[in-house]
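Novice: Dropping the structure in here first, questions after.
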Amino acid sequence: MMKKASFPKIVQQHKDRVFGYSYYFLHNREDAEDVTQDVFVRLWQHWDEIDKNKIKAWVMQVAHHRCIDFTRKRKRIHEDSYKTVSNPKSSILQDSLEMRGPDMQFEFSETQHLLLSALEGLPGRTRSMMLMHYFQDLKFETIADILDVNINTVKVTVHRGRKMLKEVIESKYPEMAEVSI
Amino acid sequence: MMMCNEIQVLIEKFLNHDMSRQERQDFRKHIRNCPDCRTEFEKWQKVEKTLSGFPKQKCPNRVLENIYSNTIGSKPKSVRRIRFRGFTNHAGWKWAGAAVAFGLILLFTIIHPMGDRNKIEEISYSQEEALRAREQAKWSLAYVAQVIHKSEKTAIDNALLIELPQTVRKAVKNTVPILKGGS
Amino acid sequence: MALNKHLFISISILVFCAVLKAQDPDIRKMPGFVNLEEIQIPGNAGEVTEISLGPPLLRIARTAHANGDEHLSESLEGIFSIQVKSFDVDSFQAIQVRPIMDKIEKQLAKEKWERLVRVKKAHEMTNVSIKYDKGKAVGMLIMSLNPGNEASFVNIVGNIDLAQLGELSDFGVDTSPLDSLEGLSDKDERE
């Protein structure tokens with residue numbers, strides 16, 4: 001595949017997906033932009049080593065790992081800045097609202113904010129799979145490739161994520177259970 | 001009735017698109033006729049619908065510009081070229097020649113008597129170099145010990161997460177650490 | 001002028017390498033030796049530690065004036081070489097390091113090294129292996145990968161006493177990245 005000719009086409013094909021995943025993972029537009037740029041620059045740098053039939057999985061894998069790096073870096077800064085323990089019941093919503101960029105505060109409905117907060121409370125891998133499946137429309141096979149797991153693991157984990165969200169929403173945010181969508 | 005007992009499993013199959021056509025038809029038929037199962041299914045559907053309803057994000061153009069300027073549009077890094085200006089004057093040749101001669105002399109005086117290892121090994125080190133080597137050796141061995149200890153602990157912790165018979169669990173917990181003579 | 005300098009330095013390095021090679025040809029042939037040279041440390045890696053101690057330096061290190069760590073000399077007895085390569089990796093760099101570790105693991109299995117400890121979780125991995133020759137430990141290899149944190153490779157050639165190593169760790173040696181590899185400052189000067 002000719003590098004210079006194919007590269008822009010591949011960027012166009014996958015940029016929104018990479019950006020979208022990073023955005024919902026990190027809750028911050030600027031960080032998501034940094035991750036997106038990083039992913040495609042690395043794609044350019046490692047062009048010859050990559051299997052061109054698996055580019056989708058490759059870019060998402062790199063995006064996923066970069067998001068984790070960002071989160072770790074951010075967590076260290078956050079822990080240093082916020083020494084006091086906030087009210088545990090409201091902390092999921094409170095902390096994630098604080099972490100979210102200003103544009104995010106106005107982009108979503110209250111229901112969607114509630115769901116984003118509930119997603120925050122999921123275990124890391126479950127959350128990643130939920131983001132990939134629901135927010136980026138990735139098939140289970142692709143998610144399995146990206147995260148280097150068995151496809152059945154993906155199915156079970158995603159369903160567990162759905163179940164957790166359903167329970168959290170029903171118990172902590174009962175008003176959402178009543179809201180008609 | 002059988003379907004009601006299995007409803008959770010069936011909902012999972014349905015949402016994962018793991019049902020055959022026939023199974024899907026039977027499932028829908030049951031949902032239509034069973035109010036309890038329908039209510040339960042609708043709760044799941046609400047979560048499904050909300051999750052799928054988040055807006056798709058568009059990558060901003062400035063990101064594309066940055067990507068292209070750092071990839072296709074970037075100039076190749078300048079290659080450091082050795083300039084052979086020195087060869088255009090006699091003084092340059094003189095110095096180059098001296099350097100080659102010096103190197104060759106070193107080569108023959110040190111490498112040539114290769115059989116005499118004792119002589120080679122008598123290269124002396126300063127006190128500072130010796131202490132630095134000692135420091136590095138100490139750090140390396142302590143690092144090795146730390147890694148063994150940490151990974152052994154992780155291996156034991158992981159083993160205890162699995163359901164094991166009581167006798168085996170006890171044996172795992174009482175394992176003598178490798179660094180204390182265990183195996 | 002630039003050429004002369006380059007020429008002189010290149011020749012000196014060649015000579016130096018040849019000298020070293022003349023000193024230590026046997027290490028590479030020893031059963032406990034593992035070649036870590038092909039491991040490329042990423043150019044932008046943070047916190048890099050690289051150590052390469054051959055027989056002459058280890059001999060000197062053994063006999064150097066001890067400062068409360070006399071047991072170290074005992075631990076170094078019978079050790080011919082220590083190689084360490086340790087560097088910070090982000091998750092992406094870890095993907096590139098992993099195949100190298102897999103390749104080395106295969107090589108160790110082929111050469112009948114014995115695995116002491118192996119931990120494998122998702123993208124993390126630790127492998128501690130020992131090479132035995134006629135019932136005696138003659139080499140050790142440690143590989144550790146923790147994405148978002150560190151990748152390390154350590155090869156020790158020689159007779160390793162694990163119990164003595166354990167004593168060394170009991171003395172609470174600080175194993176945060178060595179930052180004084182270049183020289184000792186005045187305040188660290190031994191008596």
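The way I read the labels, and the way they are meant: chains A, B, ... in the order of the structure tokens, residue 1 as the first residue of every chain, and ligand 1 as the first ligand shown, with later ones counted on from there.
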If we count only C-alpha atoms and set the cut-off at 9 Å, which residues sit around Glu152 of chain B, ignoring sequence neighbours fewer than 5 positions away in its own chain? Please answer as a short mmCIF file (atom, residue, chain, number, x, y, z; two decimals) with N, CA and C atoms, in the first residue's frame.
Specialist:
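Okay, this is what ended up in around_36.cif:
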data_model
loop_
_atom_site.label_atom_id
_atom_site.label_comp_id
_atom_site.auth_asym_id
_atom_site.auth_seq_id
_atom_site.Cartn_x
_atom_site.Cartn_y
_atom_site.Cartn_z
N VAL B 147 12.38 -7.80 42.52
CA VAL B 147 11.48 -8.30 41.47
C VAL B 147 11.03 -9.71 41.80
N ASP B 157 -0.79 -14.48 45.43
CA ASP B 157 -2.09 -13.79 45.54
C ASP B 157 -3.04 -14.24 44.44
N PRO B 177 9.40 -18.49 50.82
CA PRO B 177 9.83 -17.62 49.72
C PRO B 177 11.11 -18.13 49.06
N ILE B 178 11.20 -17.90 47.78
CA ILE B 178 12.37 -18.34 47.02
C ILE B 178 13.65 -17.77 47.62
N VAL C 117 9.79 -18.06 38.41
CA VAL C 117 8.51 -17.39 38.63
C VAL C 117 8.03 -16.86 37.30
N ARG C 118 6.73 -16.98 37.08
CA ARG C 118 6.16 -16.34 35.90
C ARG C 118 4.80 -15.77 36.25
N VAL C 119 4.66 -14.47 36.03
CA VAL C 119 3.37 -13.82 36.28
C VAL C 119 2.93 -13.19 34.97
#
Novice: Contacts of segment 42-51 of chain B at 9 Å or less, counting only C-alpha atoms, minus same-chain residues fewer than 6 places along, as a list in words?
Specialist: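 Close residues of segment 42-51 of chain B: Thr111, Gln112, Leu115, Met130, Leu131, Tyr134, Phe135, Arg162, Lys163, Leu165, Lys166, Ile169, Ala177, Ser180 and Ile181 of chain A; Ile11 and Leu15 of chain B.
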Novice: Determine which residues of segment 77-133 of chain C receive a DSSP assignment of strand (DSSP E or B), computed from the backbone, and state them as a PyMOL selection string.
Specialist: chain C and resi 79-88+114-121+124-133
Novice: At a cut-off of 12 Å, using only C-alpha atoms, what residues contact Asn61 of chain B? Leave out same-chain residues fewer than 2 positions from it and give the result as a VMD selection string.
Specialist: (chain A and resid 11 to 12 15 to 16 19 33 36 to 37) or (chain B and resid 58 to 59 63 to 68)
Novice: Restricting the calculation to only C-alpha atoms: of A:Ser109, A:Thr71, A:Gln136, A:Ser171, which residue gets closest to His27 of chain A?
Specialist: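 Smallest distance to His27 of chain A is found for A:Thr71.
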Novice: When you count only C-alpha atoms, which of these residues is closest to Val154 of chain C: C:Lys85, C:Lys29, C:Lys136, C:Lys110?
Specialist: C:Lys85
Novice: In Å to one decimal, how far is atom CA of Lys138 of chain B from atom CA of Tyr132 of chain C?
Specialist: 23.1 Å
Novice: Neighbours of His159 of chain A within 8 Å (only C-alpha atoms; same-chain residues fewer than 4 positions away dropped), as a ChimeraX atom specification?
Specialist: /A:155,163 /B:12,16
Novice: For the residues in that selection, give me C-alpha atoms as a compact mmCIF listing (two decimals), in the first residue's frame.
Specialist:
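Full text of result08.txt as output:
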# COMPACT_ATOMS: atom_id res chain seq x y z
CA LYS A 155 -20.01 -10.52 25.26
CA LYS A 163 -26.56 -5.01 34.10
CA GLU B 12 -28.62 -11.29 27.18
CA ASN B 16 -25.85 -9.67 22.01
Novice: Using Å and a single decimal, report how far atom CA of Cys4 of chain B sits from atom CA of Lys29 of chain B.
Specialist: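 Taking atom CA of Lys29 of chain B and atom CA of Cys4 of chain B, their separation equals 12.3 Å.
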Novice: At a cut-off of 7 Å, list the chain A residues touching chain C, using only C-alpha atoms, as number ranges by chain.
Specialist: A: 62, 65-66, 69
Novice: How would the residues just chosen look if you wrote them out with N, CA and C atoms as a tab-separated table (two decimals), in the first residue's frame?
Specialist:
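Produced file result-v9.tsv, reproduced below:
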chain	number	residue	atom	x	y	z
A	62	VAL	N	-4.24	1.61	20.02
A	62	VAL	CA	-3.31	2.67	20.42
A	62	VAL	C	-4.07	3.77	21.15
A	65	HIS	N	-4.83	2.67	24.69
A	65	HIS	CA	-3.67	2.72	25.59
A	65	HIS	C	-3.26	4.15	25.91
A	66	ARG	N	-3.36	5.03	24.95
A	66	ARG	CA	-3.00	6.42	25.21
A	66	ARG	C	-3.98	7.05	26.20
A	69	ASP	N	-2.98	6.03	29.58
A	69	ASP	CA	-1.82	6.82	30.01
A	69	ASP	C	-2.26	8.19	30.51
Novice: Kindly indicate which residue among B:Lys56, B:Arg134, B:His30, B:Arg38 lies nearest to Ala64 of chain C, using only C-alpha atoms for the distances.
Specialist: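 Of the candidates, the smallest distance to Ala64 of chain C is held by B:Arg134.
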